[in-house]
file upload_25.csv (CSV, C-alpha atoms)
chain,number,residue,atom,x,y,z
G,839,MET,CA,0.0,0.0,0.0
G,840,LYS,CA,1.5,3.3,-1.1
G,841,GLN,CA,1.6,6.0,1.6
G,842,GLU,CA,1.5,9.7,0.6
G,843,SER,CA,4.2,11.9,1.9
G,844,PRO,CA,3.5,14.6,4.5
G,845,LEU,CA,4.0,17.3,1.9
G,846,VAL,CA,1.3,15.8,-0.3
G,847,ASP,CA,-1.0,15.6,2.6
G,848,LEU,CA,-0.3,19.2,3.6
G,849,ASP,CA,-0.9,20.4,0.0
G,850,VAL,CA,-4.4,18.8,0.2
G,851,VAL,CA,-5.0,20.4,3.6
G,852,VAL,CA,-4.1,23.9,2.3
G,853,ARG,CA,-6.4,23.5,-0.7
G,854,GLN,CA,-9.2,22.4,1.5
G,855,ARG,CA,-8.6,25.3,3.9
G,856,ILE,CA,-8.7,27.8,1.1
G,857,ARG,CA,-12.0,26.4,-0.3
G,858,SER,CA,-13.5,26.1,3.2
G,859,LEU,CA,-12.6,29.7,4.1
G,860,ARG,CA,-14.0,30.9,0.8
G,861,LEU,CA,-17.3,29.1,1.2
G,862,ALA,CA,-17.6,30.1,4.9
G,863,ARG,CA,-17.6,33.7,3.7
G,864,GLY,CA,-20.2,32.9,1.1
G,865,TRP,CA,-17.8,33.9,-1.7
G,866,SER,CA,-17.8,32.5,-5.2
G,867,LEU,CA,-14.6,31.7,-7.0
G,868,ASP,CA,-15.0,35.0,-8.9
G,869,THR,CA,-15.2,37.0,-5.7
G,870,LEU,CA,-12.1,35.5,-4.1
G,871,ALA,CA,-10.2,35.6,-7.4
G,872,ALA,CA,-11.0,39.4,-7.7
G,873,ARG,CA,-9.9,40.0,-4.1
G,874,CYS,CA,-6.5,38.2,-4.6
G,875,PHE,CA,-5.9,39.3,-8.2
G,876,LEU,CA,-6.0,35.8,-9.7
G,877,SER,CA,-8.2,34.6,-12.5
G,878,PRO,CA,-11.2,32.4,-11.4
G,879,SER,CA,-9.9,29.5,-13.5
G,880,THR,CA,-6.4,29.7,-11.8
G,881,LEU,CA,-8.1,29.8,-8.3
G,882,SER,CA,-10.3,26.8,-9.3
G,883,ARG,CA,-7.3,24.8,-10.4
G,884,LEU,CA,-5.4,25.6,-7.2
G,885,GLU,CA,-8.4,24.5,-5.1
G,886,THR,CA,-8.9,21.3,-7.0
G,887,GLY,CA,-5.2,20.3,-7.2
G,888,HIS,CA,-4.8,20.8,-10.9
G,889,ARG,CA,-2.2,23.4,-10.4
G,890,ARG,CA,0.8,23.6,-8.1
G,891,MET,CA,0.6,26.3,-5.4
G,892,ALA,CA,3.3,28.9,-5.3
G,893,LEU,CA,4.2,31.3,-2.5
G,894,ASP,CA,3.3,34.4,-4.6
G,895,GLN,CA,-0.2,33.0,-4.9
G,896,LEU,CA,-0.6,32.0,-1.2
G,897,VAL,CA,0.2,35.5,0.1
G,898,PRO,CA,-2.7,37.3,-1.6
G,899,ILE,CA,-5.1,34.4,-1.1
G,900,ALA,CA,-4.3,34.4,2.7
G,901,ARG,CA,-4.6,38.2,2.9
G,902,ALA,CA,-7.9,38.1,1.0
G,903,LEU,CA,-9.3,35.4,3.3
G,904,GLY,CA,-8.2,37.3,6.4
G,905,THR,CA,-5.7,34.7,7.6
G,906,SER,CA,-2.0,34.1,7.4
G,907,ILE,CA,0.2,31.8,5.4
G,908,ASP,CA,1.2,30.1,8.7
G,909,GLN,CA,-2.4,29.2,9.4
G,910,LEU,CA,-2.9,28.0,5.9
G,911,VAL,CA,0.1,25.7,5.9
G,912,GLU,CA,0.0,24.6,9.6
G,913,PRO,CA,0.4,20.8,9.6
G,914,ILE,CA,-2.3,18.6,11.0
G,915,ASP,CA,-1.6,15.9,13.6
G,916,ASP,CA,-3.2,14.8,16.8
G,917,THR,CA,-1.1,17.2,18.9
G,918,ASP,CA,-3.1,20.1,17.7
G,919,VAL,CA,-6.3,18.5,18.8
G,920,VAL,CA,-5.8,16.3,21.9
G,921,ILE,CA,-4.8,17.9,25.2
G,922,ARG,CA,-3.5,15.6,27.9
G,923,PRO,CA,-3.6,17.7,31.0
G,924,GLU,CA,-1.3,16.9,33.9
G,925,PRO,CA,-2.8,17.4,37.4
G,926,GLN,CA,-1.4,20.2,39.5
G,927,GLN,CA,-2.0,19.6,43.2
G,928,TRP,CA,-2.3,21.9,46.1
G,929,PRO,CA,-3.6,21.1,49.6
G,930,GLY,CA,-7.3,20.5,49.1
G,931,ARG,CA,-7.4,21.1,45.4
G,932,THR,CA,-6.3,19.5,42.1
G,933,THR,CA,-6.3,21.4,38.8
G,934,TRP,CA,-6.1,20.3,35.2
G,935,ILE,CA,-5.4,23.0,32.6
G,936,LEU,CA,-7.6,22.1,29.6
G,937,SER,CA,-6.7,24.9,27.2
G,938,ARG,CA,-3.6,24.6,25.1
G,939,ASP,CA,-1.8,27.8,26.2
G,940,ARG,CA,-2.5,29.5,29.5
G,941,ALA,CA,-4.5,32.7,28.9
G,942,VAL,CA,-4.4,32.4,25.1
G,943,ASN,CA,-7.0,34.8,23.8
G,944,GLY,CA,-7.4,36.1,27.3
G,945,VAL,CA,-9.0,32.9,28.8
G,946,THR,CA,-7.8,29.8,30.5
G,947,VAL,CA,-10.0,26.7,30.8
G,948,ALA,CA,-9.5,24.4,33.8
G,949,LYS,CA,-11.1,21.5,35.6
G,950,MET,CA,-10.8,21.7,39.4
G,951,ARG,CA,-11.4,19.1,42.1
G,952,ILE,CA,-11.9,20.8,45.4
G,953,GLU,CA,-12.0,19.0,48.8
G,954,PRO,CA,-14.4,20.3,51.5
G,955,THR,CA,-13.1,22.9,53.9
G,956,LEU,CA,-14.5,24.8,56.8
G,957,PRO,CA,-16.1,28.1,55.9
G,958,ASP,CA,-13.7,30.2,58.1
G,959,SER,CA,-10.7,28.7,56.2
G,960,ASP,CA,-11.8,30.1,52.9
G,961,ARG,CA,-9.5,32.8,51.7
G,962,MET,CA,-11.3,35.7,49.9
G,963,ARG,CA,-9.7,37.2,46.8
G,964,VAL,CA,-10.2,40.3,44.7
G,965,HIS,CA,-8.9,40.9,41.2
G,966,PRO,CA,-10.0,42.7,38.0
G,967,GLY,CA,-12.3,40.7,35.6
G,968,HIS,CA,-14.9,38.0,35.7
G,969,ASP,CA,-14.9,34.4,36.7
G,970,TRP,CA,-17.2,31.7,35.3
G,971,PHE,CA,-17.7,28.1,36.3
G,972,THR,CA,-20.1,25.2,36.1
G,973,VAL,CA,-20.3,22.5,38.7
G,974,LEU,CA,-19.8,19.0,37.3
G,975,SER,CA,-20.4,17.1,40.6
G,976,GLY,CA,-21.0,18.0,44.2
G,977,THR,CA,-22.0,21.5,45.5
G,978,LEU,CA,-19.8,24.5,45.4
G,979,ARG,CA,-19.9,27.1,48.2
G,980,LEU,CA,-19.3,30.5,46.6
G,981,ARG,CA,-18.6,33.3,49.1
G,982,LEU,CA,-19.3,36.5,47.3
G,983,GLY,CA,-18.8,39.5,49.5
G,984,ASP,CA,-21.2,39.1,52.4
G,985,ARG,CA,-23.3,36.4,50.6
G,986,THR,CA,-22.8,32.6,50.6
G,987,ILE,CA,-24.3,31.0,47.5
G,988,PHE,CA,-24.5,27.2,47.0
G,989,VAL,CA,-24.1,26.2,43.4
G,990,GLU,CA,-25.4,22.7,42.7
G,991,SER,CA,-24.2,20.1,40.2
G,992,GLY,CA,-25.3,21.2,36.7
G,993,ASP,CA,-25.6,24.9,37.6
G,994,ALA,CA,-23.2,27.6,36.5
G,995,ALA,CA,-22.2,31.0,38.0
G,996,GLU,CA,-20.6,34.1,36.6
G,997,PHE,CA,-19.6,37.1,38.7
G,998,SER,CA,-17.4,40.2,38.9
G,999,THR,CA,-14.1,39.4,40.6
G,1000,MET,CA,-13.8,42.9,42.1
G,1001,ILE,CA,-16.2,41.5,44.7
G,1002,PRO,CA,-14.2,39.6,47.4
G,1003,HIS,CA,-14.8,35.9,46.6
G,1004,CYS,CA,-13.9,32.4,47.4
G,1005,LEU,CA,-14.8,29.0,46.0
G,1006,ALA,CA,-15.0,25.9,48.3
G,1007,ALA,CA,-16.5,22.5,48.2
G,1008,ASN,CA,-19.5,22.1,50.4
G,1009,ASP,CA,-19.6,18.7,52.4
G,1010,VAL,CA,-18.3,16.5,49.5
G,1011,THR,CA,-15.5,16.7,47.0
G,1012,THR,CA,-16.7,18.9,44.2
G,1013,GLU,CA,-15.6,19.1,40.6
G,1014,VAL,CA,-16.0,22.3,38.5
G,1015,LEU,CA,-15.2,23.4,35.0
G,1016,THR,CA,-14.0,27.0,35.0
G,1017,ILE,CA,-13.0,29.7,32.6
G,1018,PHE,CA,-10.7,32.4,33.9
G,1019,ASP,CA,-9.6,35.6,32.2
G,1020,ARG,CA,-6.0,36.6,32.6
G,1021,GLU,CA,-6.4,38.2,36.0
G,1022,GLY,CA,-8.4,35.2,37.3
G,1023,GLU,CA,-5.8,32.8,36.0
G,1024,ARG,CA,-3.1,34.7,37.9
G,1025,ALA,CA,-5.3,34.7,41.1
G,1026,HIS,CA,-6.6,31.2,41.1
G,1027,LEU,CA,-4.1,29.0,39.2
G,1028,HIS,CA,-0.9,30.0,40.9
G,1029,THR,CA,1.7,27.7,42.4
G,1030,PRO,CA,2.1,27.3,46.1
G,1031,ALA,CA,5.3,29.5,45.9
G,1032,ASP,CA,3.1,32.4,44.7
G,1033,GLU,CA,0.9,32.2,47.8
G,1034,ASN,CA,2.6,35.0,49.6
G,1035,ASP,CA,2.7,37.3,46.5

call {"tool": "encode", "arguments": {"input": "upload_25.csv", "output": "structure tokens"}}
result
Amino acid sequence: MKQESPLVDLDVVVRQRIRSLRLARGWSLDTLAARCFLSPSTLSRLETGHRRMALDQLVPIARALGTSIDQLVEPIDDTDVVIRPEPQQWPGRTTWILSRDRAVNGVTVAKMRIEPTLPDSDRMRVHPGHDWFTVLSGTLRLRLGDRTIFVESGDAAEFSTMIPHCLAANDVTTEVLTIFDREGERAHLHTPADEND
């Protein structure tokens, strides 16, 4: 069985990306061809693989589609899809970072397993931004200023983090899926060495 080289596979992917981006914008071949100063027949042959792609063609195509050459030619493998998070453990809490780069596009996605604590041991924090979470299992005790709110499994919460706040498990180990902005990531996903900062 003959196996295609990675370059051939990448060539096919680039052609598919160009066509998909064009169609996602609702553009005909004529429309994209006019925007990148190619003839519609040349663009059609590029998309279908009947003509070899050249760098001087990819630059205007990428620009017209609002993307970069890097994004058009980025190779595909499982590492750009599958995330294998490593647990980070602190006393009473385990965190798995589920987003590829911390705070990329301003948000960090994490799963947290929180052990129950006594209400007076909860440390209140304040930082700019908003926090969002949904409870996967258990009940989360959200202290928000003077209020204590119990967020049950299946419920979600969003709040301004300029209000003093603290998240704690109520009675049983609780798991949450959370999205932090940059400030929330700094405040909640720190290492134990940062505790005194």

call {"tool": "residues_around", "arguments": {"input": "upload_25.csv", "residues": "region 993-999 of chain G", "least_positions_apart": "2", "cutoff": "12 Å", "atoms": "all atoms listed in the file", "output": "ChimeraX atom specification"}}
result
/G:962-983,987-991,1001-1005,1013-1023,1025-1026

call {"tool": "residues_around", "arguments": {"input": "upload_25.csv", "residues": "Glu924 (chain G)", "least_positions_apart": "4", "cutoff": "10 Å", "atoms": "all atoms listed in the file", "output": "list in words"}}
result
Thr932, Thr933, Trp934, Ile935 and Leu936 of chain G

call {"tool": "residues_around", "arguments": {"input": "upload_25.csv", "residues": "Ser877 (chain G)", "least_positions_apart": "4", "cutoff": "9 Å", "atoms": "all atoms listed in the file", "output": "PyMOL selection string"}}
result
chain G and resi 867-868+871-872+881-882

call {"tool": "closest_residue", "arguments": {"input": "upload_25.csv", "among": "G:Asn1008, G:Thr946, G:Thr986, G:Thr869", "to": "Ala902 (chain G)", "atoms": "all atoms listed in the file"}}
result
G:Thr869

call {"tool": "closest_residue", "arguments": {"input": "upload_25.csv", "among": "G:Asp849, G:Arg863, G:Gln926, G:Pro954", "to": "Ala892 (chain G)", "atoms": "all atoms listed in the file"}}
result
G:Asp849

call {"tool": "closest_residue", "arguments": {"input": "upload_25.csv", "among": "G:Gln909, G:Gln927, G:Thr886, G:Gln895", "to": "Val850 (chain G)", "atoms": "all atoms listed in the file"}}
result
G:Thr886

call {"tool": "closest_residue", "arguments": {"input": "upload_25.csv", "among": "G:Pro898, G:Asp1009, G:Leu1027, G:Ile907", "to": "Trp928 (chain G)", "atoms": "only C-alpha atoms"}}
result
G:Leu1027
